[in-house]
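The structure appears right after this line, and notes come after that.
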Amino acid sequence: MMKFLRKWWDSGLLVLVALLLASLLRFQGLEGSYIRAFDPFLFWRVSEAIWNTGTWEMNDTLRYHPFGWDSEELAPAPPHAMVLLGKVAGDLKAGVRWFPAFFGLLSVLVMALIGRRFGVSGLSALILGILPGYIYRTSEGFADKEPIAMFFGLLGMYFFILAMEKKNWLDAIYAGLAFGFVAGAWGGKILFIASLLPVIVVLMLRERYDRILMAGVTLVIYQVLHVVVPRYVKFWVDPFSLAVLGFGLFCFLFYGIYKSKKLEKLGNKRLWLCIGIMVAGTLVASTAVYKNPLFLPRFGWDLITKALVPASDVSHYETVQENARPTWSWALPDNTFYQQMGLFFFLALPAIYFMINGKDDKEVVLGSFGAFSILAGFVAVRLFAFTATGVALTSAYVIKKLFAHKDVAVKLTGYFVLGLSLWLAYPYVMSSMETSKYASLTTTWFENMKWAQFNIPQEDPIVTWWDYGYWIQTLGNRTSLGDGGNMEPGYILNGYTGLFFASGDYENTTRWINDWGYKYVTIDYAMLGKYFAYSTLGGVSNMLNIFKYHSNMYTEFGMADIYVGWSDDLGPAAISPIQVGDNLYVLMGKIVNGAIKWEGVAGEFAILTNSGLYQCPPMGYCQSGALGKYQPINQSVFIYWGQQAVVGDMESMHSTFARLWFFDGEYTQYKQVLNNGECKMFVVRA
């Protein structure tokens with residue numbers, strides 16, 4: 001039985017099963033009308049320009065008004081790959097939609113090649129094919145940068161392992177080229193190559209100068225390719241690139257010292273000589289480039305602590321929901337790692353052991369790759385695509401080790417762990433399949449963009465939150481103030497728009513719009529849930545909380561409707577509109593052990609019923625006085641009667657977004673020109 005399993009795990013038949021299953025999971029929306037994420041709309045537009053003209057060398061006037069955007073900042077690999085696939089399919093849109101699944105499947109195949117070096121080709125390919133964190137980023141329609149980057153990164157890892165095994169210069173060069181191609185595809189280009197740096201340290205301590213030379217070749221070739229990618233021409237000032245180049249040059253130095261006949265008499269002291277030169281070189285390079293000898297050491301230390309210690313403030317990158325820092329919890333269903341990786345994550349943890357104690361050099365590579373990929377996942381949820389690659393390989397290898405042990409108890413543990421891992425992955429796989437079926441672009445947003453095409457002059461930019469920029473540019477053919485590019489000058493503009501939408505100081509936050517002559521603003525329902533992102537970037541740091549209608553319950557004031565949700569001030573909370581005589585109040589309280597403990601009444605509220613808005617001035621909110629022993633608190637509530645409520649502090653509920661969304665621009669300079677239920681478009685009043 002054991003021999004059968006070992007052959008099965010390393011069989012071409014299981015690889016075929018893995019590819020078929022991966023195909024089924026990734027091609028779920030072929031009948032759909034749209035590609036299904038934000039970024040693909042940028043790549044669709046860029047690919048269309050390449051398709052029609054053969055080039056994308058231009059300043060993009062539709063992005064980052066009034067600054068414009070230099071096309072040299074674009075990662076060139078994704079759009080060119082989409083054009084190539086489009087030519088094969090005979091349809092550009094098909095190329096854009098199929099791109100992620102195509103490279104996702106190629107990655108599964110390359111994982112099988114890597115796994116073959118460890119005797120787990122089929123098992124490693126199967127695990128990568130079903131991990132939800134990898135399905136989402138490599139599903140048809142989600143044409144982002146990660147699919148092609150993961151493919152080239154895994155290909156580089158395969159050749160690097162071959163170089164470690166065979167001490168073959170050609171394999172080391174191929175590895176460097178493949179890792180270098182990642183630089184033309186993905187902002188996380190450093191991750192694969194950085195996972196090799198601990199390998200160099202371990203090999204150095206073991207004095208394996210022949211393997212270190214192969215690593216040096218890979219690192220230098222990787223860095224050379226940065227010169228041909230325009231966005232990385234200035235890599236000399238990038239501390240990541242400087243560190244990689246330093247490691248590469250050190251590898252050659254290490255090899256030279258150990259091959260020198262004159263220094264051979266030093267014996268083990270050669271290792272200390274190398275370490276001393278490496279430390280001195282780091283301090284000199286740091287001083288020469290950054291005018292501070294400790295800049296590079298501190299930079300490296302900060303990277304490690306960022307992954308392990310929660311940040312004190314939130315960066316632009318981390319305001320994106322999918323990039324939010326995952327919180328570790330032993331309540332596994334609430335743990336992001338567990339949801340994405342299941343027990344495979346726990347099986348991958350022994351990777352650190354292999355990095356330190358692996359007898360074979362390729363085991364050291366495996367351990368470092370696995371450990372580094374897990375660490376990266378703690379930085380941002382988006383990096384789970386990279387995490388999945390290391391988890392797939394190392395967990396497959398650990399399962400093999402469990403089964404190979406002679407002790408019967410460990411064998412049984414291996415069977416149990418494998419079965420349980422696959423079973424636990426199932427619900428999240430099904431969830432990923434369902435997610436991949438649907439477009440993020442809704443019919444109402446499509447209507448919004450078509451309206452813009454016919455009604456908004458081409459010279460007028462549209463002010464909105466940056467998520468929607470690519471839709472505006474691609475479908476509306478209009479200029480957006482910002483988009484999901486996450487780069488300068490987007491940071492600056494997102495700060496302006498964040499303050500504009502989230503601050504209650506309407507007069508001051510609209511001044512820049514008037515100064516720059518912007519006329520059109522569009523918002524949508526989803527911005528309720530994204531309020532934290534733009535309020536944080538705007539320096540306001542407030543949130544809006546959505547409460548759902550729960551039931552009609554008895555209170556001390558009689559029967560009343562109850563809405564439940566989460567409040568930043570109260571935690572699990574409930575609200576209830578109470579009629580006392582001719583007056584309305586909104587009670588607010590905490591939910592403790594399933595019961596409601598009332599804390600006070602909302603300081604102001606508005607209610608939308610079938611008959612219209614129950615309004616009081618100013619700005620449509622009714623002010624509350626005390627209700628018996630319950631005093632008004634700094635909370636504002638907008639209730640959609642019998643459906644849901646939105647709760648927030650008073651500044652948030654008086655923000656520009658609240659004025660536009662809840663009250664259709666009353667008491668503002670904007671009048672509504674489009675409202676299709678989900679989206680609203682406004683123009684400056686004449």
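Residues are named by chain letter and number: chains run A, B, ... in the order of the structure tokens, numbers start at 1 in each chain, and ligands are numbered from 1 in the order shown.
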Each residue of segment 153-181 of chain A lying at most 12 Å from segment 349-367 of chain A should get a row with its shortest atom-to-atom pair and the distance in Å to one decimal, counting only C-alpha atoms; could you produce that, ordered by chain and increasing number, as JSON lines?
```
{"residue": "A:Leu154", "atom": "CA", "partner": "A:Leu366", "partner_atom": "CA", "distance": 11.9}
{"residue": "A:Met157", "atom": "CA", "partner": "A:Val365", "partner_atom": "CA", "distance": 8.7}
{"residue": "A:Tyr158", "atom": "CA", "partner": "A:Lys362", "partner_atom": "CA", "distance": 10.3}
{"residue": "A:Phe159", "atom": "CA", "partner": "A:Lys362", "partner_atom": "CA", "distance": 11.2}
{"residue": "A:Phe160", "atom": "CA", "partner": "A:Val365", "partner_atom": "CA", "distance": 8.6}
{"residue": "A:Ile161", "atom": "CA", "partner": "A:Lys362", "partner_atom": "CA", "distance": 5.8}
{"residue": "A:Leu162", "atom": "CA", "partner": "A:Lys362", "partner_atom": "CA", "distance": 8.3}
{"residue": "A:Ala163", "atom": "CA", "partner": "A:Lys362", "partner_atom": "CA", "distance": 9.3}
{"residue": "A:Met164", "atom": "CA", "partner": "A:Lys362", "partner_atom": "CA", "distance": 6.3}
{"residue": "A:Glu165", "atom": "CA", "partner": "A:Lys362", "partner_atom": "CA", "distance": 6.7}
{"residue": "A:Lys166", "atom": "CA", "partner": "A:Lys362", "partner_atom": "CA", "distance": 10.4}
{"residue": "A:Lys167", "atom": "CA", "partner": "A:Asp361", "partner_atom": "CA", "distance": 10.9}
```
Kindly save the residues from that selection, with N, CA and C atoms included, as a PDB file, in the first residue's frame.
```pdb
ATOM      1  N   LEU A 154       7.692  30.237 -10.219  1.00  0.00           N
ATOM      2  CA  LEU A 154       7.819  28.791 -10.002  1.00  0.00           C
ATOM      3  C   LEU A 154       8.789  28.170 -11.000  1.00  0.00           C
ATOM      4  N   MET A 157      12.124  28.807  -9.692  1.00  0.00           N
ATOM      5  CA  MET A 157      12.404  27.922  -8.561  1.00  0.00           C
ATOM      6  C   MET A 157      12.780  26.519  -9.048  1.00  0.00           C
ATOM      7  N   TYR A 158      12.127  26.051 -10.086  1.00  0.00           N
ATOM      8  CA  TYR A 158      12.436  24.724 -10.643  1.00  0.00           C
ATOM      9  C   TYR A 158      13.874  24.673 -11.148  1.00  0.00           C
ATOM     10  N   PHE A 159      14.272  25.667 -11.929  1.00  0.00           N
ATOM     11  CA  PHE A 159      15.638  25.662 -12.464  1.00  0.00           C
ATOM     12  C   PHE A 159      16.669  25.887 -11.357  1.00  0.00           C
ATOM     13  N   PHE A 160      16.312  26.657 -10.343  1.00  0.00           N
ATOM     14  CA  PHE A 160      17.252  26.877  -9.243  1.00  0.00           C
ATOM     15  C   PHE A 160      17.498  25.572  -8.490  1.00  0.00           C
ATOM     16  N   ILE A 161      16.444  24.799  -8.272  1.00  0.00           N
ATOM     17  CA  ILE A 161      16.605  23.503  -7.600  1.00  0.00           C
ATOM     18  C   ILE A 161      17.462  22.571  -8.447  1.00  0.00           C
ATOM     19  N   LEU A 162      17.260  22.607  -9.760  1.00  0.00           N
ATOM     20  CA  LEU A 162      18.119  21.817 -10.649  1.00  0.00           C
ATOM     21  C   LEU A 162      19.576  22.259 -10.535  1.00  0.00           C
ATOM     22  N   ALA A 163      19.791  23.572 -10.459  1.00  0.00           N
ATOM     23  CA  ALA A 163      21.158  24.089 -10.336  1.00  0.00           C
ATOM     24  C   ALA A 163      21.797  23.621  -9.034  1.00  0.00           C
ATOM     25  N   MET A 164      21.010  23.577  -7.958  1.00  0.00           N
ATOM     26  CA  MET A 164      21.534  23.093  -6.687  1.00  0.00           C
ATOM     27  C   MET A 164      21.867  21.606  -6.762  1.00  0.00           C
ATOM     28  N   GLU A 165      21.054  20.855  -7.466  1.00  0.00           N
ATOM     29  CA  GLU A 165      21.269  19.413  -7.584  1.00  0.00           C
ATOM     30  C   GLU A 165      22.478  19.082  -8.458  1.00  0.00           C
ATOM     31  N   LYS A 166      22.538  19.725  -9.620  1.00  0.00           N
ATOM     32  CA  LYS A 166      23.503  19.322 -10.642  1.00  0.00           C
ATOM     33  C   LYS A 166      24.721  20.240 -10.735  1.00  0.00           C
ATOM     34  N   LYS A 167      24.694  21.368 -10.002  1.00  0.00           N
ATOM     35  CA  LYS A 167      25.758  22.386 -10.097  1.00  0.00           C
ATOM     36  C   LYS A 167      26.002  22.777 -11.556  1.00  0.00           C
TER      37      LYS A 167
END
```
Considering only C-alpha atoms, give me a table of residues in segment 71-132 of chain A that are at most 10 Å from segment 377-386 of chain A, with the closest atom pair and distance in Å for each, as a Markdown table.
```
| residue | atom | partner | partner_atom | distance |
| --- | --- | --- | --- | --- |
| A:Leu128 | CA | A:Ala385 | CA | 9.7 |
| A:Leu131 | CA | A:Ala385 | CA | 9.1 |
| A:Pro132 | CA | A:Ala385 | CA | 9.0 |
```
Restricted to N, CA, C and O atoms, what would the selected residues look like written as a PDB file, in the first residue's frame?
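And here's selection31.pdb as it stands now:
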```pdb
ATOM      1  N   LEU A 128      -1.773  22.685  -4.935  1.00  0.00           N
ATOM      2  CA  LEU A 128      -1.774  24.034  -5.506  1.00  0.00           C
ATOM      3  C   LEU A 128      -3.042  24.281  -6.315  1.00  0.00           C
ATOM      4  O   LEU A 128      -3.598  25.386  -6.303  1.00  0.00           O
ATOM      5  N   LEU A 131      -6.077  25.048  -3.695  1.00  0.00           N
ATOM      6  CA  LEU A 131      -6.013  26.038  -2.613  1.00  0.00           C
ATOM      7  C   LEU A 131      -6.816  27.284  -2.996  1.00  0.00           C
ATOM      8  O   LEU A 131      -6.549  27.908  -4.022  1.00  0.00           O
ATOM      9  N   PRO A 132      -7.807  27.672  -2.174  1.00  0.00           N
ATOM     10  CA  PRO A 132      -8.638  28.839  -2.507  1.00  0.00           C
ATOM     11  C   PRO A 132      -7.834  30.104  -2.738  1.00  0.00           C
ATOM     12  O   PRO A 132      -8.178  30.914  -3.599  1.00  0.00           O
TER      13      PRO A 132
END
```
Report task. Can you list, as JSON, numbers by chain, all residues belonging to segment 507-546 of chain A that DSSP tags as helix (DSSP H, G or I)? Result -> {"A": [507, 508, 509, 511, 512, 513, 514, 515, 516, 525, 526, 527, 528, 531, 532, 533, 534, 535, 536, 537]}
Report task. Identify, on the basis of only C-alpha atoms, every residue whose closest approach to Gly620 of chain A does not exceed 8 Å; exclude the query and any residue fewer than 3 positions from it along the same chain; express the result as a ChimeraX atom specification. Result -> /A:606,614-617,663
Report task. State, in Å with one decimal place, the distance from atom CA of His550 of chain A to atom CA of Gln635 of chain A. Result ->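 Pair atom CA of His550 of chain A / atom CA of Gln635 of chain A returns 20.0 Å.
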Query - 7 Å contact set for segment 78-90 of chain A, only C-alpha atoms, chain neighbours under 5 positions out, as a count of residues only - result: 10
Query - For Ile114 of chain A, the nearest of the candidates A:Ala388, A:Leu155, A:Ala602, A:Ile193, counting only C-alpha atoms - result: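 Ranking A:Ala388, A:Leu155, A:Ala602, A:Ile193 by distance to Ile114 of chain A, first place goes to A:Leu155.
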Leaving out Leu587 of chain A and any residue of its chain fewer than 3 positions from it, which residues lie within 6 Å of it when counting only C-alpha atoms, given as a compact mmCIF listing (two decimals) with N, CA, C and O atoms, in the first residue's frame?
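Everything below was put into out39.txt:
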```txt
# COMPACT_ATOMS: atom_id res chain seq x y z
N ILE A 575 -29.87 48.48 17.29
CA ILE A 575 -30.58 49.75 17.35
C ILE A 575 -32.07 49.48 17.19
O ILE A 575 -32.46 48.46 16.60
N SER A 576 -32.87 50.39 17.70
CA SER A 576 -34.32 50.22 17.60
C SER A 576 -35.00 51.59 17.57
O SER A 576 -34.83 52.39 18.50
N GLY A 600 -27.96 54.18 25.19
CA GLY A 600 -28.38 55.56 24.99
C GLY A 600 -29.17 55.67 23.70
O GLY A 600 -29.57 54.66 23.10
N VAL A 601 -29.42 56.89 23.25
CA VAL A 601 -30.12 57.11 21.99
C VAL A 601 -29.18 57.82 21.03
O VAL A 601 -28.30 58.58 21.44
```
Query - Counting only C-alpha atoms, the residue of A:Asp91, A:Glu140, A:Asp569, A:Asp460 that sits nearest Val521 of chain A - result: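 Closest candidate: A:Asp460.
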Query raised in the report: What does the distance between atom CA of Glu507 of chain A and atom CA of Met650 of chain A come to in Å, to one decimal place?
Result: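 Between atom CA of Glu507 of chain A and atom CA of Met650 of chain A the gap works out to 16.2 Å.
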Query - Close residues, Tyr670 of chain A itself excluded, 8 Å, only C-alpha atoms, min 5 positions apart in chain, as a ChimeraX atom specification - result: /A:665,682-685
Query - Per-residue DSSP, segment 554-632 of chain A, filtered to strand (DSSP E or B), as a PyMOL selection string - result: chain A and resi 554-555+558-567+571-580+583-592+595-609+612-614+622-623+627+630+632
Atoms kept (C-alpha atoms) for selection, written as a CSV table (one decimal), in the first residue's frame:
```csv
chain,number,residue,atom,x,y,z
A,554,TYR,CA,-40.6,43.5,22.9
A,555,THR,CA,-38.7,46.3,24.6
A,558,GLY,CA,-43.3,48.2,23.8
A,559,MET,CA,-42.9,46.2,20.5
A,560,ALA,CA,-40.2,47.7,18.3
A,561,ASP,CA,-38.1,46.8,15.2
A,562,ILE,CA,-34.6,45.6,16.0
A,563,TYR,CA,-31.6,46.1,13.7
A,564,VAL,CA,-28.3,44.3,14.6
A,565,GLY,CA,-24.8,44.7,13.4
A,566,TRP,CA,-21.3,45.8,14.5
A,567,SER,CA,-20.5,49.2,15.9
A,571,GLY,CA,-19.0,46.1,19.3
A,572,PRO,CA,-21.9,43.7,18.6
A,573,ALA,CA,-24.8,46.1,18.8
A,574,ALA,CA,-28.5,46.7,18.1
A,575,ILE,CA,-30.6,49.8,17.4
A,576,SER,CA,-34.3,50.2,17.6
A,577,PRO,CA,-36.5,53.2,16.5
A,578,ILE,CA,-38.9,53.9,19.3
A,579,GLN,CA,-42.1,56.0,19.0
A,580,VAL,CA,-43.1,57.8,22.3
A,583,ASN,CA,-41.5,61.8,19.1
A,584,LEU,CA,-39.2,59.3,17.5
A,585,TYR,CA,-36.0,58.1,19.1
A,586,VAL,CA,-33.4,55.5,18.1
A,587,LEU,CA,-32.2,53.4,21.0
A,588,MET,CA,-28.6,52.0,20.8
A,589,GLY,CA,-27.2,49.2,22.9
A,590,LYS,CA,-24.6,46.4,23.2
A,591,ILE,CA,-25.4,42.8,22.6
A,592,VAL,CA,-24.1,40.8,25.6
A,595,ALA,CA,-29.3,40.1,25.2
A,596,ILE,CA,-29.4,43.8,24.4
A,597,LYS,CA,-28.1,46.2,27.0
A,598,TRP,CA,-29.3,49.7,25.9
A,599,GLU,CA,-26.7,52.4,26.2
A,600,GLY,CA,-28.4,55.6,25.0
A,601,VAL,CA,-30.1,57.1,22.0
A,602,ALA,CA,-28.5,58.2,18.7
A,603,GLY,CA,-27.9,61.9,18.8
A,604,GLU,CA,-29.6,62.3,15.4
A,605,PHE,CA,-31.3,60.1,12.8
A,606,ALA,CA,-33.2,60.0,9.5
A,607,ILE,CA,-35.7,57.3,8.4
A,608,LEU,CA,-36.6,56.3,4.8
A,609,THR,CA,-40.0,54.7,4.6
A,612,GLY,CA,-40.4,59.0,1.7
A,613,LEU,CA,-37.8,60.5,4.0
A,614,TYR,CA,-38.7,61.4,7.5
A,622,CYS,CA,-33.7,64.7,13.3
A,623,GLN,CA,-32.1,65.7,16.6
A,627,LEU,CA,-35.5,59.2,26.4
A,630,TYR,CA,-31.1,57.2,28.1
A,632,PRO,CA,-28.0,61.2,23.4
```
**Report entry** Point-to-point distance in Å for atom CA of Val201 of chain A and atom CA of Thr394 of chain A
**Finding:**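 A separation of 20.0 Å between them.
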Report task. Could you tell me which of A:Ile212, A:Ala94, A:Val284, A:Leu420 comes closest to Val199 of chain A if we count only C-alpha atoms? Result ->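 Closest to Val199 of chain A of all the choices is A:Ile212.
Using only C-alpha atoms, the smallest distance between any of A:Leu296, A:Ala143, A:Ile633, A:Leu266 and Ile35 of chain A comes from A:Ala143.
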Report task. Just the residues within 8 Å of Arg137 of chain A, please, counting only C-alpha atoms, with nothing from its chain fewer than 2 positions along; format it as a VMD selection string. Result -> chain A and resid 100 133 to 135 139 142 144 146 to 147 385
With N, CA and C atoms retained, export the selected residues as a PDB file, in the first residue's frame.
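Full text of out25.pdb as output:
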```pdb
ATOM      1  N   PRO A 100      -5.604  34.587 -16.898  1.00  0.00           N
ATOM      2  CA  PRO A 100      -5.251  34.114 -15.552  1.00  0.00           C
ATOM      3  C   PRO A 100      -5.371  32.614 -15.398  1.00  0.00           C
ATOM      4  N   GLY A 133      -6.759  30.309  -1.966  1.00  0.00           N
ATOM      5  CA  GLY A 133      -5.947  31.500  -2.140  1.00  0.00           C
ATOM      6  C   GLY A 133      -5.307  31.587  -3.512  1.00  0.00           C
ATOM      7  N   TYR A 134      -5.180  30.445  -4.177  1.00  0.00           N
ATOM      8  CA  TYR A 134      -4.599  30.430  -5.519  1.00  0.00           C
ATOM      9  C   TYR A 134      -5.675  30.379  -6.599  1.00  0.00           C
ATOM     10  N   ILE A 135      -6.807  29.787  -6.281  1.00  0.00           N
ATOM     11  CA  ILE A 135      -7.905  29.715  -7.253  1.00  0.00           C
ATOM     12  C   ILE A 135      -8.366  31.120  -7.641  1.00  0.00           C
ATOM     13  N   SER A 139      -8.241  32.493 -11.776  1.00  0.00           N
ATOM     14  CA  SER A 139      -9.508  32.079 -12.365  1.00  0.00           C
ATOM     15  C   SER A 139      -9.840  32.936 -13.574  1.00  0.00           C
ATOM     16  N   PHE A 142     -10.313  37.024 -13.897  1.00  0.00           N
ATOM     17  CA  PHE A 142      -9.596  37.837 -12.915  1.00  0.00           C
ATOM     18  C   PHE A 142      -8.192  38.149 -13.439  1.00  0.00           C
ATOM     19  N   ASP A 144      -5.318  39.685 -13.516  1.00  0.00           N
ATOM     20  CA  ASP A 144      -4.415  40.550 -12.782  1.00  0.00           C
ATOM     21  C   ASP A 144      -2.980  40.130 -13.085  1.00  0.00           C
ATOM     22  N   GLU A 146      -0.710  38.668 -10.983  1.00  0.00           N
ATOM     23  CA  GLU A 146      -0.155  37.520 -10.271  1.00  0.00           C
ATOM     24  C   GLU A 146      -0.044  36.233 -11.088  1.00  0.00           C
ATOM     25  N   PRO A 147      -1.021  35.881 -11.940  1.00  0.00           N
ATOM     26  CA  PRO A 147      -0.930  34.572 -12.613  1.00  0.00           C
ATOM     27  C   PRO A 147       0.363  34.364 -13.389  1.00  0.00           C
ATOM     28  N   ALA A 385      -1.503  34.356  -2.804  1.00  0.00           N
ATOM     29  CA  ALA A 385      -1.207  33.630  -4.044  1.00  0.00           C
ATOM     30  C   ALA A 385       0.227  33.116  -4.000  1.00  0.00           C
TER      31      ALA A 385
END
```
